[in-house]
Protein chains: 2
Amino acid sequence: MEDSNKQYAARNITIGDIAEELGLSKTTVSRAISGKGRISASTKLKVQEYIREHNYKPNVIAKGLAQSKTFNIGVILPADANLTEIPFFQSCLMGICEEAANLDYDVVVTTVKEDDLTLLKRLISNQKVDGIILTRSLVNDAPARYLKEVGIPFVMIGSSEDESIVQIDSNHIAGCCELTSILLMSGCKSLAFLAGNQNHIVNRNRYEGFLKAFTDMKVGMDESMIFMDMNNKMLIDRAINTIMERHISCIVCSDDLICSRVLAKLDEENYTIPNTIKVASFYNSAHLESHNPPITALSIDVKDLGVTAAKRLIEMISGEQIIPKTWVNYEIVLKKSTK
Amino acid sequence: MEDSNKQYAARNITIGDIAEELGLSKTTVSRAISGKGRISASTKLKVQEYIREHNYKPNVIAKGLAQSKTFNIGVILPADANLTEIPFFQSCLMGICEEAANLDYDVVVTTVKEDDLTLLKRLISNQKVDGIILTRSLVNDAPARYLKEVGIPFVMIGSSEDESIVQIDSNHIAGCCELTSILLMSGCKSLAFLAGNQNHIVNRNRYEGFLKAFTDMKVGMDESMIFMDMNNKMLIDRAINTIMERHISCIVCSDDLICSRVLAKLDEENYTIPNTIKVASFYNSAHLESHNPPITALSIDVKDLGVTAAKRLIEMISGEQIIPKTWVNYEIVLKKSTK
DNA sequence: CTGAAAGCGCTAACAC
DNA sequence: GTGTTAGCGCTTTCAG
């Protein structure tokens, strides 16, 4: 058993211990570690060797206290019922954790339910983070507004009309426009669009992209085939009934959960895909991929969204040049459901 | 705009400021806040009033440094590909965050990929947490072994043969036994069992419960209808083929992802549920619930698992009586898929 | 009941 | 190059 594991039982070794042991001052040891300030190569080496041998790990908390930093970033996860079902946030978080660790930061998470900012405020006032990542964007976003007021650095995964907010997102407008265009060109005469909550910027953007495809291609669109706020199964079932009565050729779902419910309803009514009706979605969940037939969808590297957000935020915290908007790639994956 | 929001821009008010302002010593102010030590009711009140009015928030980091605590708990999330698809961990995390905040702790998360403990070790050696929650349990669990060595308090969501580990779980053996018994009693003559990775204790336990039902009811079981390590679609497809050739009456899936793939394959082959084949699962995902027909399943309050884990861990950290094992309730929900 | 002083582990002027 | 000192914001003996 290496003694690296004993560190917890025994009191942790400190910079003072090293200084004493090596007959140096704490300052010198600190300098050897941080690389800041003048120090001779030889003592630096001596200290670094001692550190390696004794498996010294600096106390980040103390360092933080001295520098008025925490080396933590906060991540706000939505706690609304539906959203737990979506792997999006978990994937984001994976990316954030990975990149944060690379840059020597830790990740503190908390949740926000609807517009209840209690836990967010708590995190801030506890002074345990140097900055915040918002993992979604709502219309008139309350968390974002709060963070702006408070003045703490933050970035948003998602898009906002407020250009002063640092944003990381994939281009949902362009993506949905592209997907819709492909569908139109591949011979779908009529399309229906089903989206979730209109308060989510992402749903608005996908809708906008959907419209844009029609405008760009100079094709007329039936506005009654736009279904927003499809937040429960009943609404979706009803929408599908309408859609099928109208003999629409293809349904575009703005997220996986909706698509999953759409597929259930279509199956229930014994409609076959893609013969009777085609279906396309936006997904990152394996579930739709293993569906029979596989579902055409716009796919995003969600983990990369997290990685990039963490990187941007830590850049901000470190006082580097801030990059207002970062686009993350998407990819349209054509499958049997639209063929 | 209340000035509570200005706290970030302006330097935060400290205990020293209050002391000076009120003509007291820092010690007295500290006592007024913590309630520790003797202090007159009047000065205590005076301090508390000042605090409220000026919206003072103690610096938890500094407090922690002085007490060699962090008031953070760490949560280890698995980063393996498949697991991102399962809402289980996200729901756990919601519960953990909620309860931690109640008890004035914050939640630091990190990930562990397979047996690569790098990020876990990093979290520990950074000394940013007072304890750890493991969110799953593997056979010969590497993270658990490491944490035991290091000696940091930790709890496990899941079960382990190692009784020295504080565990929070629902009784998968009893649950699966009960579910299986119900299926047997309701007239299923033959059952097949499909589970994921055998290294996951939960899969072993469900398997054990499955067997126990047969033993308890003195019914013979066909061991060739046990399919473990069904980690990809191909294996599942093959298993389903075998199962259908043998005219099995019901398939029990040990988790949602497997069940979702099973359903896809059954649909593909045009088998109907429950007429040709019945299906039962273990779920917490809305997706299976909205399936047509709805799937019979054993359901667990996963968020409660998280809440309880956080509670137990913080009890340990606070030196309270430790409770070695906490069972969380499960419920068997009978739906059309087994009728 | 209250305060002075030391200390948690580290950094950052400022001297030498 | 290196050391001294003060300080980050709080707790905790120990006196009084």
# chains A, B, ... in the order shown; residues from 1 in each chain; ligands from 1

$ residues_around --residues "DA6 of chain C" --least-positions-apart "5" --cutoff "12 Å" --atoms "only C-alpha atoms (C1' of nucleotides)" --output "JSON, numbers by chain"
{"B": [66], "D": [11, 12, 13, 14]}

$ write_last_selection --atoms "C-alpha atoms (C1' of nucleotides)" --output "PDB file, in the first residue's frame"
ATOM      1  CA  ALA B  66     -10.691  27.097  10.735  1.00  0.00           C
TER       2      ALA B  66
ATOM      3  C1'  DT D  11     -12.901  29.497  15.222  1.00  0.00           C
ATOM      4  C1'  DT D  12     -10.992  28.467  19.517  1.00  0.00           C
ATOM      5  C1'  DT D  13      -8.270  28.255  23.602  1.00  0.00           C
ATOM      6  C1'  DC D  14      -7.269  30.980  27.419  1.00  0.00           C
TER       7       DC D  14
END

$ select_by_dssp --residues "segment 174-312 of chain A" --states "strand (DSSP E or B)" --output "list in words"
Leu191, Ala192, Phe193, Leu194, His200, Ile226, Phe227, Cys250, Ile251, Val252, Cys253, Lys278, Val279, Ala280, Ser281, Phe282, Tyr283, Thr296, Ala297, Leu298, Ser299 and Ile300 of chain A

$ write_last_selection --atoms "N, CA and C atoms" --output "JSON list (two decimals), in the first residue's frame"
[["chain", "number", "residue", "atom", "x", "y", "z"],
["A", 191, "LEU", "N", -45.63, 19.10, -43.58],
["A", 191, "LEU", "CA", -44.92, 18.78, -42.34],
["A", 191, "LEU", "C", -45.69, 19.31, -41.15],
["A", 192, "ALA", "N", -45.60, 18.58, -40.04],
["A", 192, "ALA", "CA", -46.11, 19.09, -38.78],
["A", 192, "ALA", "C", -44.93, 19.27, -37.83],
["A", 193, "PHE", "N", -45.06, 20.21, -36.92],
["A", 193, "PHE", "CA", -43.97, 20.48, -35.98],
["A", 193, "PHE", "C", -44.51, 20.40, -34.56],
["A", 194, "LEU", "N", -43.91, 19.56, -33.74],
["A", 194, "LEU", "CA", -44.32, 19.43, -32.35],
["A", 194, "LEU", "C", -43.18, 19.83, -31.43],
["A", 200, "HIS", "N", -38.84, 27.78, -23.47],
["A", 200, "HIS", "CA", -37.47, 27.36, -23.72],
["A", 200, "HIS", "C", -37.00, 27.94, -25.03],
["A", 226, "ILE", "N", -48.48, 23.55, -36.53],
["A", 226, "ILE", "CA", -47.45, 23.87, -35.53],
["A", 226, "ILE", "C", -48.06, 23.62, -34.16],
["A", 227, "PHE", "N", -47.47, 22.74, -33.40],
["A", 227, "PHE", "CA", -47.99, 22.44, -32.06],
["A", 227, "PHE", "C", -46.92, 22.75, -31.01],
["A", 250, "CYS", "N", -44.99, 14.16, -42.76],
["A", 250, "CYS", "CA", -43.89, 13.96, -41.82],
["A", 250, "CYS", "C", -44.04, 14.83, -40.57],
["A", 251, "ILE", "N", -43.69, 14.25, -39.42],
["A", 251, "ILE", "CA", -43.75, 14.97, -38.16],
["A", 251, "ILE", "C", -42.32, 15.28, -37.70],
["A", 252, "VAL", "N", -42.08, 16.54, -37.37],
["A", 252, "VAL", "CA", -40.78, 16.92, -36.82],
["A", 252, "VAL", "C", -40.97, 17.19, -35.32],
["A", 253, "CYS", "N", -40.27, 16.44, -34.48],
["A", 253, "CYS", "CA", -40.40, 16.60, -33.03],
["A", 253, "CYS", "C", -39.21, 17.40, -32.52],
["A", 278, "LYS", "N", -43.93, 9.86, -41.71],
["A", 278, "LYS", "CA", -42.50, 9.91, -41.41],
["A", 278, "LYS", "C", -42.27, 10.69, -40.12],
["A", 279, "VAL", "N", -41.14, 10.45, -39.49],
["A", 279, "VAL", "CA", -40.85, 11.11, -38.21],
["A", 279, "VAL", "C", -39.38, 11.51, -38.14],
["A", 280, "ALA", "N", -39.14, 12.73, -37.67],
["A", 280, "ALA", "CA", -37.77, 13.16, -37.43],
["A", 280, "ALA", "C", -37.72, 13.84, -36.07],
["A", 281, "SER", "N", -36.54, 13.85, -35.47],
["A", 281, "SER", "CA", -36.44, 14.40, -34.12],
["A", 281, "SER", "C", -35.08, 15.05, -33.88],
["A", 282, "PHE", "N", -34.86, 15.43, -32.63],
["A", 282, "PHE", "CA", -33.58, 15.97, -32.20],
["A", 282, "PHE", "C", -33.16, 15.10, -31.05],
["A", 283, "TYR", "N", -32.11, 14.34, -31.21],
["A", 283, "TYR", "CA", -31.85, 13.44, -30.09],
["A", 283, "TYR", "C", -30.39, 13.26, -29.73],
["A", 296, "THR", "N", -34.65, 9.43, -37.91],
["A", 296, "THR", "CA", -33.85, 10.52, -38.45],
["A", 296, "THR", "C", -33.79, 11.65, -37.43],
["A", 297, "ALA", "N", -32.62, 12.21, -37.22],
["A", 297, "ALA", "CA", -32.55, 13.25, -36.20],
["A", 297, "ALA", "C", -31.34, 14.15, -36.37],
["A", 298, "LEU", "N", -31.47, 15.29, -35.72],
["A", 298, "LEU", "CA", -30.35, 16.20, -35.64],
["A", 298, "LEU", "C", -29.63, 15.87, -34.34],
["A", 299, "SER", "N", -28.35, 15.59, -34.46],
["A", 299, "SER", "CA", -27.64, 15.14, -33.28],
["A", 299, "SER", "C", -26.51, 16.10, -32.91],
["A", 300, "ILE", "N", -26.37, 16.31, -31.62],
["A", 300, "ILE", "CA", -25.41, 17.28, -31.11],
["A", 300, "ILE", "C", -24.43, 16.58, -30.18]]

$ interface_residues --of "chain A" --to "chain C" --cutoff "7 Å" --atoms "only C-alpha atoms (C1' of nucleotides)" --output "list in words"
Thr14, Asn59, Ala62, Lys63, Ala66 and Gln67 of chain A

$ write_last_selection --atoms "C-alpha atoms" --output "short mmCIF file (atom, residue, chain, number, x, y, z; two decimals), in the first residue's frame"
data_model
loop_
_atom_site.label_atom_id
_atom_site.label_comp_id
_atom_site.auth_asym_id
_atom_site.auth_seq_id
_atom_site.Cartn_x
_atom_site.Cartn_y
_atom_site.Cartn_z
CA THR A 14 1.55 21.39 4.82
CA ASN A 59 -4.70 22.66 0.28
CA ALA A 62 -6.45 27.65 1.92
CA LYS A 63 -4.96 28.79 -1.33
CA ALA A 66 -5.67 33.70 0.43
CA GLN A 67 -6.53 34.60 -3.13
#

$ closest_atom_pairs --of "chain D" --to "chain A" --cutoff "8 Å" --atoms "only C-alpha atoms (C1' of nucleotides)" --output "CSV"
residue,atom,partner,partner_atom,distance
D:DG1,C1',A:Ile39,CA,5.6
D:DT2,C1',A:Thr28,CA,6.7
D:DG3,C1',A:Ser25,CA,6.3
D:DG7,C1',A:Ala66,CA,7.9
D:DC8,C1',A:Ala66,CA,4.4

$ write_last_selection --atoms "N, CA and C atoms (P, O5', C5', C4', C3', O3' and C1' of nucleotides)" --output "mmCIF file, in the first residue's frame"
data_model
loop_
_atom_site.group_PDB
_atom_site.id
_atom_site.type_symbol
_atom_site.label_atom_id
_atom_site.label_comp_id
_atom_site.auth_asym_id
_atom_site.auth_seq_id
_atom_site.Cartn_x
_atom_site.Cartn_y
_atom_site.Cartn_z
ATOM 1 P P DG D 1 18.448 34.307 -9.470
ATOM 2 O "O5'" DG D 1 18.474 33.619 -8.109
ATOM 3 C "C5'" DG D 1 17.370 33.405 -7.312
ATOM 4 C "C4'" DG D 1 17.973 33.046 -5.966
ATOM 5 C "C3'" DG D 1 16.988 32.297 -5.120
ATOM 6 O "O3'" DG D 1 17.703 31.496 -4.185
ATOM 7 C "C1'" DG D 1 17.240 34.518 -4.279
ATOM 8 P P DT D 2 16.964 30.466 -3.291
ATOM 9 O "O5'" DT D 2 16.442 31.300 -2.043
ATOM 10 C "C5'" DT D 2 17.372 31.657 -1.009
ATOM 11 C "C4'" DT D 2 16.694 32.543 -0.011
ATOM 12 C "C3'" DT D 2 15.481 31.937 0.686
ATOM 13 O "O3'" DT D 2 15.868 31.655 2.020
ATOM 14 C "C1'" DT D 2 15.159 34.227 0.148
ATOM 15 P P DG D 3 14.939 31.017 3.075
ATOM 16 O "O5'" DG D 3 14.468 32.309 3.877
ATOM 17 C "C5'" DG D 3 15.447 33.150 4.470
ATOM 18 C "C4'" DG D 3 14.785 34.339 5.129
ATOM 19 C "C3'" DG D 3 13.645 33.988 6.093
ATOM 20 O "O3'" DG D 3 13.793 34.791 7.254
ATOM 21 C "C1'" DG D 3 12.874 35.524 4.463
ATOM 22 P P DG D 7 -2.259 43.402 8.301
ATOM 23 O "O5'" DG D 7 -3.072 42.327 7.451
ATOM 24 C "C5'" DG D 7 -2.961 42.350 6.035
ATOM 25 C "C4'" DG D 7 -3.630 41.126 5.480
ATOM 26 C "C3'" DG D 7 -4.954 40.774 6.194
ATOM 27 O "O3'" DG D 7 -5.962 40.589 5.229
ATOM 28 C "C1'" DG D 7 -3.583 38.882 6.001
ATOM 29 P P DC D 8 -7.481 40.774 5.619
ATOM 30 O "O5'" DC D 8 -8.205 39.715 4.685
ATOM 31 C "C5'" DC D 8 -7.877 39.527 3.328
ATOM 32 C "C4'" DC D 8 -8.279 38.118 2.955
ATOM 33 C "C3'" DC D 8 -9.455 37.605 3.762
ATOM 34 O "O3'" DC D 8 -10.659 37.825 3.017
ATOM 35 C "C1'" DC D 8 -7.687 35.961 3.585
#

$ interface_residues --of "chain A" --to "chain B" --cutoff "8 Å" --atoms "only C-alpha atoms" --output "VMD selection string"
chain A and resid 5 to 9 57 to 62 65 79 84 to 87 90 to 91 94 97 to 98 101 106 to 111 119 123 125 to 128 149 to 152 233 257 260 to 261 264 to 265 267 to 268 285 to 287 290 to 293

$ select_by_dssp --residues "segment 45-156 of chain A" --states "helix (DSSP H, G or I)" --output "JSON, numbers by chain"
{"A": [45, 46, 47, 48, 49, 50, 51, 52, 53, 60, 61, 62, 63, 64, 65, 66, 67, 81, 82, 83, 84, 85, 88, 89, 90, 91, 92, 93, 94, 95, 96, 97, 98, 99, 100, 101, 102, 118, 119, 120, 121, 122, 123, 124, 125, 142, 143, 144, 145, 146, 147, 148, 149, 150]}

$ write_last_selection --atoms "N, CA and C atoms" --output "short mmCIF file (atom, residue, chain, number, x, y, z; two decimals), in the first residue's frame"
data_model
loop_
_atom_site.label_atom_id
_atom_site.label_comp_id
_atom_site.auth_asym_id
_atom_site.auth_seq_id
_atom_site.Cartn_x
_atom_site.Cartn_y
_atom_site.Cartn_z
N LEU A 45 14.05 22.61 -7.33
CA LEU A 45 14.13 21.18 -7.57
C LEU A 45 14.02 20.40 -6.26
N LYS A 46 14.75 20.90 -5.26
CA LYS A 46 14.78 20.24 -3.96
C LYS A 46 13.36 20.14 -3.40
N VAL A 47 12.66 21.26 -3.48
CA VAL A 47 11.29 21.29 -2.96
C VAL A 47 10.40 20.33 -3.75
N GLN A 48 10.51 20.41 -5.06
CA GLN A 48 9.65 19.57 -5.89
C GLN A 48 9.89 18.09 -5.65
N GLU A 49 11.14 17.75 -5.39
CA GLU A 49 11.45 16.37 -5.10
C GLU A 49 10.81 15.93 -3.79
N TYR A 50 10.97 16.78 -2.80
CA TYR A 50 10.40 16.48 -1.48
C TYR A 50 8.89 16.28 -1.61
N ILE A 51 8.28 17.14 -2.39
CA ILE A 51 6.84 17.08 -2.60
C ILE A 51 6.43 15.76 -3.23
N ARG A 52 7.15 15.36 -4.23
CA ARG A 52 6.83 14.11 -4.90
C ARG A 52 6.98 12.93 -3.95
N GLU A 53 8.11 12.93 -3.25
CA GLU A 53 8.39 11.81 -2.36
C GLU A 53 7.37 11.69 -1.23
N VAL A 60 -6.15 23.36 -1.48
CA VAL A 60 -6.74 24.30 -2.43
C VAL A 60 -7.63 25.32 -1.71
N ILE A 61 -8.26 24.87 -0.65
CA ILE A 61 -9.16 25.75 0.09
C ILE A 61 -8.38 26.92 0.69
N ALA A 62 -7.27 26.60 1.30
CA ALA A 62 -6.45 27.65 1.92
C ALA A 62 -5.90 28.59 0.86
N LYS A 63 -5.45 27.99 -0.22
CA LYS A 63 -4.96 28.79 -1.33
C LYS A 63 -6.06 29.75 -1.79
N GLY A 64 -7.24 29.20 -1.91
CA GLY A 64 -8.38 30.00 -2.33
C GLY A 64 -8.68 31.13 -1.37
N LEU A 65 -8.64 30.82 -0.11
CA LEU A 65 -8.93 31.86 0.89
C LEU A 65 -7.95 33.02 0.75
N ALA A 66 -6.70 32.66 0.56
CA ALA A 66 -5.67 33.70 0.43
C ALA A 66 -5.86 34.53 -0.83
N GLN A 67 -6.40 33.90 -1.86
CA GLN A 67 -6.53 34.60 -3.13
C GLN A 67 -7.96 35.07 -3.42
N ALA A 81 -39.83 18.20 -13.30
CA ALA A 81 -40.15 16.78 -13.47
C ALA A 81 -39.67 16.23 -14.80
N ASN A 82 -40.16 16.79 -15.88
CA ASN A 82 -39.87 16.28 -17.21
C ASN A 82 -38.39 16.14 -17.51
N LEU A 83 -37.64 17.10 -17.02
CA LEU A 83 -36.28 17.22 -17.48
C LEU A 83 -35.36 16.14 -16.96
N THR A 84 -35.76 15.51 -15.87
CA THR A 84 -34.96 14.41 -15.36
C THR A 84 -34.89 13.29 -16.40
N GLU A 85 -35.87 13.28 -17.26
CA GLU A 85 -35.96 12.21 -18.26
C GLU A 85 -34.99 12.40 -19.42
N PHE A 88 -29.73 14.88 -21.68
CA PHE A 88 -28.97 16.07 -22.06
C PHE A 88 -28.14 16.63 -20.91
N PHE A 89 -28.79 16.84 -19.78
CA PHE A 89 -28.10 17.52 -18.69
C PHE A 89 -26.98 16.68 -18.08
N GLN A 90 -27.25 15.38 -18.05
CA GLN A 90 -26.23 14.49 -17.52
C GLN A 90 -25.01 14.48 -18.43
N SER A 91 -25.24 14.49 -19.73
CA SER A 91 -24.12 14.51 -20.66
C SER A 91 -23.34 15.81 -20.55
N CYS A 92 -24.06 16.91 -20.47
CA CYS A 92 -23.42 18.21 -20.25
C CYS A 92 -22.51 18.14 -19.04
N LEU A 93 -23.08 17.64 -17.97
CA LEU A 93 -22.36 17.58 -16.71
C LEU A 93 -21.08 16.77 -16.84
N MET A 94 -21.14 15.67 -17.57
CA MET A 94 -19.95 14.84 -17.79
C MET A 94 -18.85 15.69 -18.43
N GLY A 95 -19.25 16.43 -19.45
CA GLY A 95 -18.29 17.27 -20.15
C GLY A 95 -17.71 18.34 -19.24
N ILE A 96 -18.58 18.95 -18.47
CA ILE A 96 -18.14 20.00 -17.56
C ILE A 96 -17.14 19.46 -16.55
N CYS A 97 -17.48 18.32 -15.96
CA CYS A 97 -16.59 17.72 -14.95
C CYS A 97 -15.22 17.43 -15.54
N GLU A 98 -15.24 16.88 -16.72
CA GLU A 98 -13.99 16.50 -17.36
C GLU A 98 -13.09 17.72 -17.60
N GLU A 99 -13.68 18.74 -18.19
CA GLU A 99 -12.88 19.91 -18.53
C GLU A 99 -12.47 20.68 -17.28
N ALA A 100 -13.36 20.77 -16.33
CA ALA A 100 -13.05 21.47 -15.09
C ALA A 100 -11.83 20.82 -14.42
N ALA A 101 -11.86 19.49 -14.36
CA ALA A 101 -10.73 18.78 -13.75
C ALA A 101 -9.44 19.08 -14.50
N ASN A 102 -9.52 19.12 -15.82
CA ASN A 102 -8.35 19.46 -16.63
C ASN A 102 -7.75 20.79 -16.23
N THR A 118 -34.03 29.85 -4.90
CA THR A 118 -33.49 29.67 -3.55
C THR A 118 -32.10 29.01 -3.54
N LEU A 119 -32.00 27.87 -4.21
CA LEU A 119 -30.75 27.12 -4.13
C LEU A 119 -29.62 27.82 -4.88
N LEU A 120 -29.97 28.50 -5.96
CA LEU A 120 -28.96 29.27 -6.68
C LEU A 120 -28.43 30.39 -5.80
N LYS A 121 -29.34 31.11 -5.16
CA LYS A 121 -28.93 32.20 -4.28
C LYS A 121 -28.07 31.68 -3.15
N ARG A 122 -28.45 30.53 -2.65
CA ARG A 122 -27.70 29.93 -1.56
C ARG A 122 -26.26 29.65 -2.00
N LEU A 123 -26.13 29.07 -3.17
CA LEU A 123 -24.80 28.73 -3.69
C LEU A 123 -23.94 29.98 -3.81
N ILE A 124 -24.52 31.02 -4.34
CA ILE A 124 -23.78 32.27 -4.51
C ILE A 124 -23.40 32.86 -3.16
N SER A 125 -24.37 32.93 -2.27
CA SER A 125 -24.08 33.63 -1.02
C SER A 125 -23.16 32.80 -0.13
N ALA A 142 -34.84 33.87 -15.48
CA ALA A 142 -34.70 34.39 -14.12
C ALA A 142 -33.30 34.15 -13.53
N PRO A 143 -32.75 32.94 -13.65
CA PRO A 143 -31.40 32.73 -13.12
C PRO A 143 -30.39 33.67 -13.77
N ALA A 144 -30.46 33.81 -15.07
CA ALA A 144 -29.52 34.67 -15.77
C ALA A 144 -29.65 36.11 -15.28
N ARG A 145 -30.89 36.56 -15.12
CA ARG A 145 -31.10 37.92 -14.65
C ARG A 145 -30.49 38.11 -13.27
N TYR A 146 -30.71 37.13 -12.43
CA TYR A 146 -30.16 37.21 -11.08
C TYR A 146 -28.63 37.28 -11.11
N LEU A 147 -28.03 36.42 -11.90
CA LEU A 147 -26.58 36.37 -11.95
C LEU A 147 -25.99 37.67 -12.49
N LYS A 148 -26.68 38.27 -13.44
CA LYS A 148 -26.20 39.55 -13.97
C LYS A 148 -26.21 40.61 -12.87
N GLU A 149 -27.31 40.64 -12.14
CA GLU A 149 -27.44 41.59 -11.04
C GLU A 149 -26.31 41.45 -10.04
N VAL A 150 -26.08 40.20 -9.65
CA VAL A 150 -25.07 39.91 -8.64
C VAL A 150 -23.67 40.20 -9.17
#

$ atom_distance --atom1 "atom CA of Pro274 of chain A" --atom2 "atom CA of Thr338 of chain A"
5.8 Å

$ residues_around --residues "segment 216-223 of chain B" --least-positions-apart "3" --cutoff "8 Å" --atoms "only C-alpha atoms (C1' of nucleotides)" --output "list in words"
Ser181, Ser190, Leu211, Lys212, Ala213 and Ile226 of chain B

$ atom_distance --atom1 "atom CA of Leu334 of chain B" --atom2 "atom CA of Asp255 of chain B"
16.0 Å
